[in-house]
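Undergrad: For reference, the structure I am asking about is given below.
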Amino acid sequence: MLTDIIEFDFLRYTFLTGLLIGIVAPLLGAFLVVRRLSLLADALSHVTLAGIAFGLFMEKQFVTLTLSPIYSGMGFSVIGAVLIEKLRSVYTAYQELGIPIILSGGVGLSVVFISLANGFNTDLFNYLFGSVSAVSKNDFLMILGISIFILMMITLFYKELLTLSFDEEHAVVSGIHASRIHFLFIVLTALVIAVSIRIVGVLLVSALMTLPVAAAMRIASSFKQLIVISIIFAEIAVIGGLISGYYLSIPPGGTIVIMSIIILLISMSLNRLTIKLKKEGI
Amino acid sequence: MPESIIRLENINFAYDSKVVLKNVNLEINRGTFMGLVGPNGGGKTTIIKILLGLIEPDSGKVFINNQPINKFKDWNKIGFVSQKANTFNKGFPATVFEVVSMGLTAKLGYLKFLNKKAKQQVLHAINQVGMSEYAYRNIGDLSGGQQQRVFIARALVSEPDILILDEPTVGIDFKNVERFYELLHKLNTEQNITMLLITHDTGAMTNYATNIVCLNQTLHFHGRSEEYSALSTEDLSRIYGHPVQVIVHDHD
């Protein structure tokens, strides 16, 4: 594959995009998991699917339109994020209620737009499960720009995000603007999902955000470690998944998730080993 | 003239139609170790929420450092410790150092990083509560008493004038509760940090607190802790509205 990566532009862009999402997806995922909001990623990915279906429908209606459906996916994802926040403030006693509402709403809209665009086609299949050949140069540049933006935002607001994730009450009492930080966080999550979809697909994007974190959780003793280890695991899964997907002609979403699950299983057995070592005082 | 840190004037508060606080006046001066006792539902937690600005009273005024609460901005001067040792997410992968550094988040402000000086402050706070050897351990691996010390350190790191503790010893075993009170006593006497401690544990309270306040909708008792100790069982029953058994904690 290495020679192919050098030879074929599309493979190179896919590979580089994979490396980028291997950083940003578990980075946001670490915060999602510790806040017990893993399902948020699922809800937003389904809204993104609605946006992509809408984009494909528009492409069909207006053939001259050349805008990538990723943009409409991203738009829907961010709107979905804002709506979930709105629902959280309306149903304060049922904070998680926004997630199923947005998730089912996303699927419902997707079905409508897919039917209007005359059903399934290869394009849509690629969006559902990811593809090794779907990233164009323009897609890559956009994903690069958004990834840099996400990394900057997380670096700048790291201490607020961490403080809020650990103990919301303390954060509010000490004067942190919880709702603004939370809003920033959910919008960043929406962006990560939108940029990851090209590679891992709508149905499996949440796996890349949560599985490496779940594996790292078994090993990490600090939050910084959690982030670093999650990213390493995600990169291994992405690289291994892309290569095996390419050779086996399987959508990379599937191979990346299988790789992530293997890593999870290994880390769980390793963890047992370290506990044993600790007990023996080593 | 003692310096007032917190002053409540004629506070009234009701949840819907249920009156929780009626005409409460309370002043806490710098250096005091004030114990706040009272029955469940007597309004202890409500009054804390009011003076932390989390809820607004129906009427009355709150002053912090002689400023009206809505003008008060210096929230890192108020350290708050809740029953966290009992309730926080113990699976959260954070070290003691990371948790304590969260106490500086608001003080440092947006777009500022934890610099060398801030890191030293964090280590100093961890040292103050006697947890230095655990600084890089995962908070979830510690005992309840140790975790609560870490939360004290998180409150201390922003160098507060006052620590407000809402039943901090819930879920901590007896032996560690004593050590915990010793720590508060030390911080109060050696560093002149004012303490406001809410507790059910009236016995231990009288050993450490300088002043005691009994709250059951209104203030039923407000005085020196020796005076509180001198109250008869009948007086206490009247305050609590039901018979009370005082558990005496002796120092061995």
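By order in the structure tokens, chains are A, B, ...; within a chain, residues start at 1; ligands start at 1, following the order shown.
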Hey, could you make a per-residue contact list for chain B against chain A with 10 Å as the cut-off, showing the nearest pair of atoms and its distance in Å to one decimal, counting only C-alpha atoms, sorted by chain and number, as CSV?
TA:
residue,atom,partner,partner_atom,distance
B:Lys49,CA,A:Val173,CA,9.5
B:Leu52,CA,A:Val173,CA,6.7
B:Gly53,CA,A:Val173,CA,7.9
B:Leu54,CA,A:Val173,CA,7.4
B:Lys73,CA,A:Gly175,CA,8.4
B:Asp74,CA,A:Gly175,CA,8.7
B:Trp75,CA,A:Ser174,CA,5.7
B:Asn76,CA,A:Ser174,CA,5.8
B:Lys77,CA,A:Ser174,CA,9.0
B:Ile78,CA,A:Ser174,CA,7.9
B:Gly79,CA,A:Ser174,CA,8.0
B:Phe80,CA,A:His170,CA,7.4
B:Val81,CA,A:His170,CA,8.2
B:Ser82,CA,A:His170,CA,8.8
B:Lys84,CA,A:Asp167,CA,9.1
B:Phe88,CA,A:Asp167,CA,7.5
B:Asn89,CA,A:Phe166,CA,7.7
B:Gly91,CA,A:Val34,CA,8.3
B:Phe92,CA,A:Val34,CA,6.3
B:Pro93,CA,A:Ser222,CA,5.0
B:Ala94,CA,A:Ser222,CA,4.2
B:Thr95,CA,A:Ser222,CA,5.0
B:Val96,CA,A:Ser222,CA,8.7
B:Phe97,CA,A:Ser222,CA,9.0
B:Glu98,CA,A:Ser222,CA,7.5
B:Val99,CA,A:Thr163,CA,8.0
B:Val100,CA,A:Thr163,CA,9.9
B:Ser101,CA,A:Lys159,CA,8.7
B:Met102,CA,A:Thr163,CA,5.3
B:Gly103,CA,A:Ser174,CA,7.8
B:Leu104,CA,A:Ser174,CA,9.0
B:Thr105,CA,A:Lys159,CA,6.1
B:Ala106,CA,A:Ile176,CA,5.8
B:Lys107,CA,A:Ser174,CA,8.1
B:Leu108,CA,A:Lys159,CA,9.8
B:Gly109,CA,A:Ile176,CA,8.6
B:Tyr110,CA,A:Phe157,CA,7.1
B:Leu111,CA,A:Leu156,CA,5.3
B:Lys112,CA,A:Leu156,CA,7.6
B:Phe113,CA,A:Lys159,CA,7.8
B:Leu114,CA,A:Lys159,CA,8.4
B:Tyr136,CA,A:Ser222,CA,8.0
B:Arg137,CA,A:Ser221,CA,7.0
B:Asn138,CA,A:Ser221,CA,5.2
B:Ile139,CA,A:Ser221,CA,8.6
B:Gly140,CA,A:Ser221,CA,9.1
B:Asp141,CA,A:Ser221,CA,9.4
B:Arg154,CA,A:His170,CA,9.8
B:Ala155,CA,A:His170,CA,9.3
B:Ser158,CA,A:Ser174,CA,9.7
Undergrad: Those same residues - C-alpha atoms - I'd like them written as a PDB file, in the first residue's frame.
TA:
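Result written to part09.pdb:
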ATOM      1  CA  LYS B  49     -26.650  27.804  47.914  1.00  0.00           C
ATOM      2  CA  LEU B  52     -22.717  30.872  46.886  1.00  0.00           C
ATOM      3  CA  GLY B  53     -25.057  32.727  44.536  1.00  0.00           C
ATOM      4  CA  LEU B  54     -26.499  29.497  43.128  1.00  0.00           C
ATOM      5  CA  LYS B  73     -16.735  38.950  41.441  1.00  0.00           C
ATOM      6  CA  ASP B  74     -13.879  37.427  43.374  1.00  0.00           C
ATOM      7  CA  TRP B  75     -15.365  33.931  43.644  1.00  0.00           C
ATOM      8  CA  ASN B  76     -12.026  32.208  44.028  1.00  0.00           C
ATOM      9  CA  LYS B  77     -11.872  33.808  47.494  1.00  0.00           C
ATOM     10  CA  ILE B  78     -14.697  31.429  48.457  1.00  0.00           C
ATOM     11  CA  GLY B  79     -13.702  27.780  48.681  1.00  0.00           C
ATOM     12  CA  PHE B  80     -16.537  25.266  48.560  1.00  0.00           C
ATOM     13  CA  VAL B  81     -16.286  21.605  49.486  1.00  0.00           C
ATOM     14  CA  SER B  82     -19.375  19.432  49.206  1.00  0.00           C
ATOM     15  CA  LYS B  84     -17.835  14.965  46.980  1.00  0.00           C
ATOM     16  CA  PHE B  88     -17.940  12.057  42.415  1.00  0.00           C
ATOM     17  CA  ASN B  89     -17.187   9.787  39.438  1.00  0.00           C
ATOM     18  CA  GLY B  91     -13.689   6.086  37.507  1.00  0.00           C
ATOM     19  CA  PHE B  92     -12.540   9.505  36.289  1.00  0.00           C
ATOM     20  CA  PRO B  93      -8.914   9.149  35.188  1.00  0.00           C
ATOM     21  CA  ALA B  94      -7.410  12.171  36.929  1.00  0.00           C
ATOM     22  CA  THR B  95      -4.461  12.450  39.282  1.00  0.00           C
ATOM     23  CA  VAL B  96      -4.534  14.320  42.570  1.00  0.00           C
ATOM     24  CA  PHE B  97      -2.414  16.993  40.879  1.00  0.00           C
ATOM     25  CA  GLU B  98      -4.930  17.399  38.055  1.00  0.00           C
ATOM     26  CA  VAL B  99      -7.897  17.614  40.418  1.00  0.00           C
ATOM     27  CA  VAL B 100      -6.237  20.227  42.628  1.00  0.00           C
ATOM     28  CA  SER B 101      -5.153  22.271  39.613  1.00  0.00           C
ATOM     29  CA  MET B 102      -8.844  22.548  38.654  1.00  0.00           C
ATOM     30  CA  GLY B 103      -9.144  24.852  41.657  1.00  0.00           C
ATOM     31  CA  LEU B 104      -7.091  27.396  39.695  1.00  0.00           C
ATOM     32  CA  THR B 105      -9.062  27.223  36.447  1.00  0.00           C
ATOM     33  CA  ALA B 106     -11.338  30.144  37.175  1.00  0.00           C
ATOM     34  CA  LYS B 107      -8.667  32.177  38.944  1.00  0.00           C
ATOM     35  CA  LEU B 108      -6.241  31.957  36.026  1.00  0.00           C
ATOM     36  CA  GLY B 109      -9.026  32.889  33.611  1.00  0.00           C
ATOM     37  CA  TYR B 110      -9.628  32.011  29.974  1.00  0.00           C
ATOM     38  CA  LEU B 111      -6.778  31.416  27.533  1.00  0.00           C
ATOM     39  CA  LYS B 112      -4.210  31.095  30.323  1.00  0.00           C
ATOM     40  CA  PHE B 113      -2.146  27.990  30.858  1.00  0.00           C
ATOM     41  CA  LEU B 114      -0.973  26.389  34.074  1.00  0.00           C
ATOM     42  CA  TYR B 136       0.448  11.702  40.966  1.00  0.00           C
ATOM     43  CA  ARG B 137      -1.895   8.938  42.028  1.00  0.00           C
ATOM     44  CA  ASN B 138      -5.306   8.443  40.505  1.00  0.00           C
ATOM     45  CA  ILE B 139      -7.947  10.076  42.702  1.00  0.00           C
ATOM     46  CA  GLY B 140     -10.242   7.062  42.376  1.00  0.00           C
ATOM     47  CA  ASP B 141      -7.633   4.822  44.045  1.00  0.00           C
ATOM     48  CA  ARG B 154      -8.619  22.055  45.393  1.00  0.00           C
ATOM     49  CA  ALA B 155     -10.477  24.702  47.404  1.00  0.00           C
ATOM     50  CA  SER B 158      -6.957  29.604  44.984  1.00  0.00           C
TER      51      SER B 158
END
Undergrad: If you count only C-alpha atoms, which residues fall within 8 Å of Ala190 in chain A, apart from same-chain ones fewer than 5 positions away, as a VMD selection string?
TA: chain A and resid 41 44 to 45 74 77 to 78 81
Undergrad: Which residues in range 120-241 of chain B does DSSP call strand (DSSP E)? List them as an mmCIF file with N, CA and C atoms, in the first residue's frame.
TA:
data_model
loop_
_atom_site.group_PDB
_atom_site.id
_atom_site.type_symbol
_atom_site.label_atom_id
_atom_site.label_comp_id
_atom_site.auth_asym_id
_atom_site.auth_seq_id
_atom_site.Cartn_x
_atom_site.Cartn_y
_atom_site.Cartn_z
ATOM 1 N N ILE B 162 -12.345 32.058 52.896
ATOM 2 C CA ILE B 162 -13.267 31.231 53.665
ATOM 3 C C ILE B 162 -13.467 29.887 52.965
ATOM 4 N N LEU B 163 -13.579 28.851 53.761
ATOM 5 C CA LEU B 163 -13.943 27.537 53.231
ATOM 6 C C LEU B 163 -15.354 27.222 53.708
ATOM 7 N N ILE B 164 -16.207 26.861 52.754
ATOM 8 C CA ILE B 164 -17.564 26.451 53.104
ATOM 9 C C ILE B 164 -17.658 24.959 52.846
ATOM 10 N N LEU B 165 -17.975 24.201 53.876
ATOM 11 C CA LEU B 165 -17.977 22.745 53.747
ATOM 12 C C LEU B 165 -19.366 22.201 54.057
ATOM 13 N N ASP B 166 -19.982 21.546 53.086
ATOM 14 C CA ASP B 166 -21.333 21.015 53.264
ATOM 15 C C ASP B 166 -21.261 19.521 53.590
ATOM 16 N N THR B 194 -11.197 31.380 57.401
ATOM 17 C CA THR B 194 -12.500 31.283 58.050
ATOM 18 C C THR B 194 -13.186 29.993 57.598
ATOM 19 N N MET B 195 -13.872 29.337 58.522
ATOM 20 C CA MET B 195 -14.531 28.078 58.191
ATOM 21 C C MET B 195 -16.031 28.186 58.435
ATOM 22 N N LEU B 196 -16.793 27.663 57.490
ATOM 23 C CA LEU B 196 -18.226 27.487 57.722
ATOM 24 C C LEU B 196 -18.513 26.020 57.413
ATOM 25 N N LEU B 197 -18.813 25.281 58.478
ATOM 26 C CA LEU B 197 -18.938 23.837 58.356
ATOM 27 C C LEU B 197 -20.363 23.406 58.680
ATOM 28 N N ILE B 198 -20.993 22.758 57.716
ATOM 29 C CA ILE B 198 -22.320 22.213 57.967
ATOM 30 C C ILE B 198 -22.168 20.763 58.359
ATOM 31 N N ASN B 211 -17.722 29.068 66.963
ATOM 32 C CA ASN B 211 -19.102 29.544 67.051
ATOM 33 C C ASN B 211 -20.035 28.488 66.477
ATOM 34 N N ILE B 212 -21.236 28.448 66.994
ATOM 35 C CA ILE B 212 -22.205 27.488 66.490
ATOM 36 C C ILE B 212 -23.527 28.175 66.195
ATOM 37 N N VAL B 213 -24.103 27.772 65.068
ATOM 38 C CA VAL B 213 -25.395 28.311 64.676
ATOM 39 C C VAL B 213 -26.339 27.138 64.453
ATOM 40 N N CYS B 214 -27.535 27.222 65.011
ATOM 41 C CA CYS B 214 -28.542 26.191 64.780
ATOM 42 C C CYS B 214 -29.610 26.749 63.864
ATOM 43 N N LEU B 215 -29.831 26.073 62.752
ATOM 44 C CA LEU B 215 -30.788 26.583 61.778
ATOM 45 C C LEU B 215 -31.930 25.591 61.602
ATOM 46 N N ASN B 216 -33.132 26.088 61.870
ATOM 47 C CA ASN B 216 -34.323 25.322 61.523
ATOM 48 C C ASN B 216 -35.354 26.354 61.090
ATOM 49 N N THR B 218 -35.494 29.321 61.008
ATOM 50 C CA THR B 218 -34.881 30.547 61.517
ATOM 51 C C THR B 218 -33.684 30.130 62.365
ATOM 52 N N LEU B 219 -32.900 31.111 62.796
ATOM 53 C CA LEU B 219 -31.768 30.780 63.666
ATOM 54 C C LEU B 219 -32.269 30.582 65.084
ATOM 55 N N HIS B 220 -32.064 29.369 65.613
ATOM 56 C CA HIS B 220 -32.527 29.089 66.973
ATOM 57 C C HIS B 220 -31.452 29.302 68.003
ATOM 58 N N PHE B 221 -30.231 29.242 67.565
ATOM 59 C CA PHE B 221 -29.128 29.459 68.487
ATOM 60 C C PHE B 221 -27.983 30.068 67.701
ATOM 61 N N HIS B 222 -27.309 31.019 68.310
ATOM 62 C CA HIS B 222 -26.183 31.648 67.643
ATOM 63 C C HIS B 222 -25.238 32.093 68.736
ATOM 64 N N GLY B 223 -24.150 31.385 68.906
ATOM 65 C CA GLY B 223 -23.250 31.790 69.980
ATOM 66 C C GLY B 223 -21.959 31.021 69.973
ATOM 67 N N ARG B 224 -21.174 31.204 71.032
ATOM 68 C CA ARG B 224 -19.907 30.512 71.187
ATOM 69 C C ARG B 224 -20.175 29.027 71.379
#
Undergrad: For CA of Leu16 in chain A and CA of Ala53 in chain A, determine how far apart the two atoms are, in Å to one decimal place.
TA: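 CA of Leu16 in chain A sits 25.3 Å away from CA of Ala53 in chain A.
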Undergrad: Got a sec: who's within 12 Å of Lys18 in chain B, counting only C-alpha atoms, leaving out chain neighbours fewer than 2 positions off, as a VMD selection string?
TA: chain B and resid 12 to 16 20 to 22 41 to 43 217
Undergrad: Take the selection from the previous step and output its residues with N, CA and C atoms, as a PDB file, in the first residue's frame.
TA:
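Result went into selection-v2.pdb, see below:
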ATOM      1  N   ASN B  12     -35.291  35.474  53.362  1.00  0.00           N
ATOM      2  CA  ASN B  12     -36.477  34.618  53.287  1.00  0.00           C
ATOM      3  C   ASN B  12     -36.395  33.801  52.017  1.00  0.00           C
ATOM      4  N   PHE B  13     -36.776  32.532  52.136  1.00  0.00           N
ATOM      5  CA  PHE B  13     -36.770  31.696  50.946  1.00  0.00           C
ATOM      6  C   PHE B  13     -37.809  30.598  51.082  1.00  0.00           C
ATOM      7  N   ALA B  14     -38.529  30.352  49.982  1.00  0.00           N
ATOM      8  CA  ALA B  14     -39.512  29.262  49.970  1.00  0.00           C
ATOM      9  C   ALA B  14     -39.414  28.517  48.653  1.00  0.00           C
ATOM     10  N   TYR B  15     -39.508  27.184  48.732  1.00  0.00           N
ATOM     11  CA  TYR B  15     -39.668  26.386  47.514  1.00  0.00           C
ATOM     12  C   TYR B  15     -41.162  26.266  47.284  1.00  0.00           C
ATOM     13  N   ASP B  16     -41.644  26.830  46.182  1.00  0.00           N
ATOM     14  CA  ASP B  16     -43.089  26.928  45.949  1.00  0.00           C
ATOM     15  C   ASP B  16     -43.743  27.551  47.183  1.00  0.00           C
ATOM     16  N   VAL B  20     -38.660  27.701  53.665  1.00  0.00           N
ATOM     17  CA  VAL B  20     -37.431  27.016  54.080  1.00  0.00           C
ATOM     18  C   VAL B  20     -36.633  27.907  55.030  1.00  0.00           C
ATOM     19  N   LEU B  21     -36.547  29.192  54.678  1.00  0.00           N
ATOM     20  CA  LEU B  21     -35.803  30.126  55.515  1.00  0.00           C
ATOM     21  C   LEU B  21     -36.690  31.323  55.840  1.00  0.00           C
ATOM     22  N   LYS B  22     -36.707  31.678  57.114  1.00  0.00           N
ATOM     23  CA  LYS B  22     -37.565  32.774  57.534  1.00  0.00           C
ATOM     24  C   LYS B  22     -36.733  33.783  58.300  1.00  0.00           C
ATOM     25  N   GLY B  41     -33.786  19.277  56.260  1.00  0.00           N
ATOM     26  CA  GLY B  41     -34.889  20.101  55.794  1.00  0.00           C
ATOM     27  C   GLY B  41     -34.980  21.412  56.550  1.00  0.00           C
ATOM     28  N   GLY B  42     -33.991  21.682  57.411  1.00  0.00           N
ATOM     29  CA  GLY B  42     -34.011  22.924  58.184  1.00  0.00           C
ATOM     30  C   GLY B  42     -33.445  24.104  57.409  1.00  0.00           C
ATOM     31  N   GLY B  43     -32.964  23.852  56.194  1.00  0.00           N
ATOM     32  CA  GLY B  43     -32.510  24.948  55.333  1.00  0.00           C
ATOM     33  C   GLY B  43     -31.003  25.135  55.274  1.00  0.00           C
ATOM     34  N   GLN B 217     -35.345  26.672  59.821  1.00  0.00           N
ATOM     35  CA  GLN B 217     -36.102  27.794  59.235  1.00  0.00           C
ATOM     36  C   GLN B 217     -35.572  29.145  59.695  1.00  0.00           C
TER      37      GLN B 217
END
Undergrad: Quick check for you: according to DSSP on this backbone, which residues of range 69-162 of chain A are classed as helix (DSSP H, G or I)? Reply as a VMD selection string.
TA: chain A and resid 69 to 90 95 to 116 122 to 129 137 to 156 158 to 162
Undergrad: So, with only C-alpha atoms as the atoms that count, which of A:Pro69, A:Gly130, A:Pro252, A:Pro212 lies closest to Ile266 in chain A?
TA: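 Selected residue with least distance to Ile266 in chain A: A:Pro212.
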Undergrad: I want to know what sits within 10 Å of Pro68 in chain B, based on only C-alpha atoms, with residues of the same chain fewer than 6 positions away left out; could you give that as a PyMOL selection string?
TA: chain B and resi 6-7+61-62
Undergrad: Produce a file of the selected residues containing C-alpha atoms, as an mmCIF file, in the first residue's frame.
TA:
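Output file result05.cif is given in full below:
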data_model
loop_
_atom_site.group_PDB
_atom_site.id
_atom_site.type_symbol
_atom_site.label_atom_id
_atom_site.label_comp_id
_atom_site.auth_asym_id
_atom_site.auth_seq_id
_atom_site.Cartn_x
_atom_site.Cartn_y
_atom_site.Cartn_z
ATOM 1 C CA ILE B 6 -20.291 36.973 54.986
ATOM 2 C CA ARG B 7 -23.403 38.827 56.077
ATOM 3 C CA LYS B 61 -29.589 40.818 51.264
ATOM 4 C CA VAL B 62 -26.341 38.880 50.968
#
Undergrad: To one decimal in Å, tell me the separation between CA of Ile101 in chain A and CA of Ile258 in chain A.
TA: 28.8 Å
Undergrad: What's the 8 Å shell around Leu39 in chain A, counting only C-alpha atoms, without same-chain residues fewer than 3 positions away, as a tab-separated table (two decimals) with C-alpha atoms, in the first residue's frame?
TA:
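Saved to selection_6.tsv:
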chain	number	residue	atom	x	y	z
A	42	ASP	CA	-24.29	8.59	17.90
A	43	ALA	CA	-27.06	11.17	17.90
A	99	ILE	CA	-30.11	12.41	22.51
A	206	SER	CA	-18.90	7.11	17.39
Undergrad: Contacts of Lys137 in chain A at 7 Å or less, counting only C-alpha atoms, minus same-chain residues fewer than 3 places along, as JSON, numbers by chain?
TA: {"A": [13, 140, 141]}
Undergrad: Convert the current residue selection to file output with N, CA and C atoms, as a compact mmCIF listing (two decimals), in the first residue's frame.
TA:
# COMPACT_ATOMS: atom_id res chain seq x y z
N TYR A 13 -4.53 11.19 0.25
CA TYR A 13 -5.44 12.06 0.99
C TYR A 13 -6.24 11.27 2.01
N PHE A 140 -9.80 16.97 1.75
CA PHE A 140 -8.67 16.88 2.67
C PHE A 140 -8.30 18.24 3.23
N LEU A 141 -8.26 19.24 2.37
CA LEU A 141 -7.86 20.58 2.84
C LEU A 141 -8.86 21.11 3.86
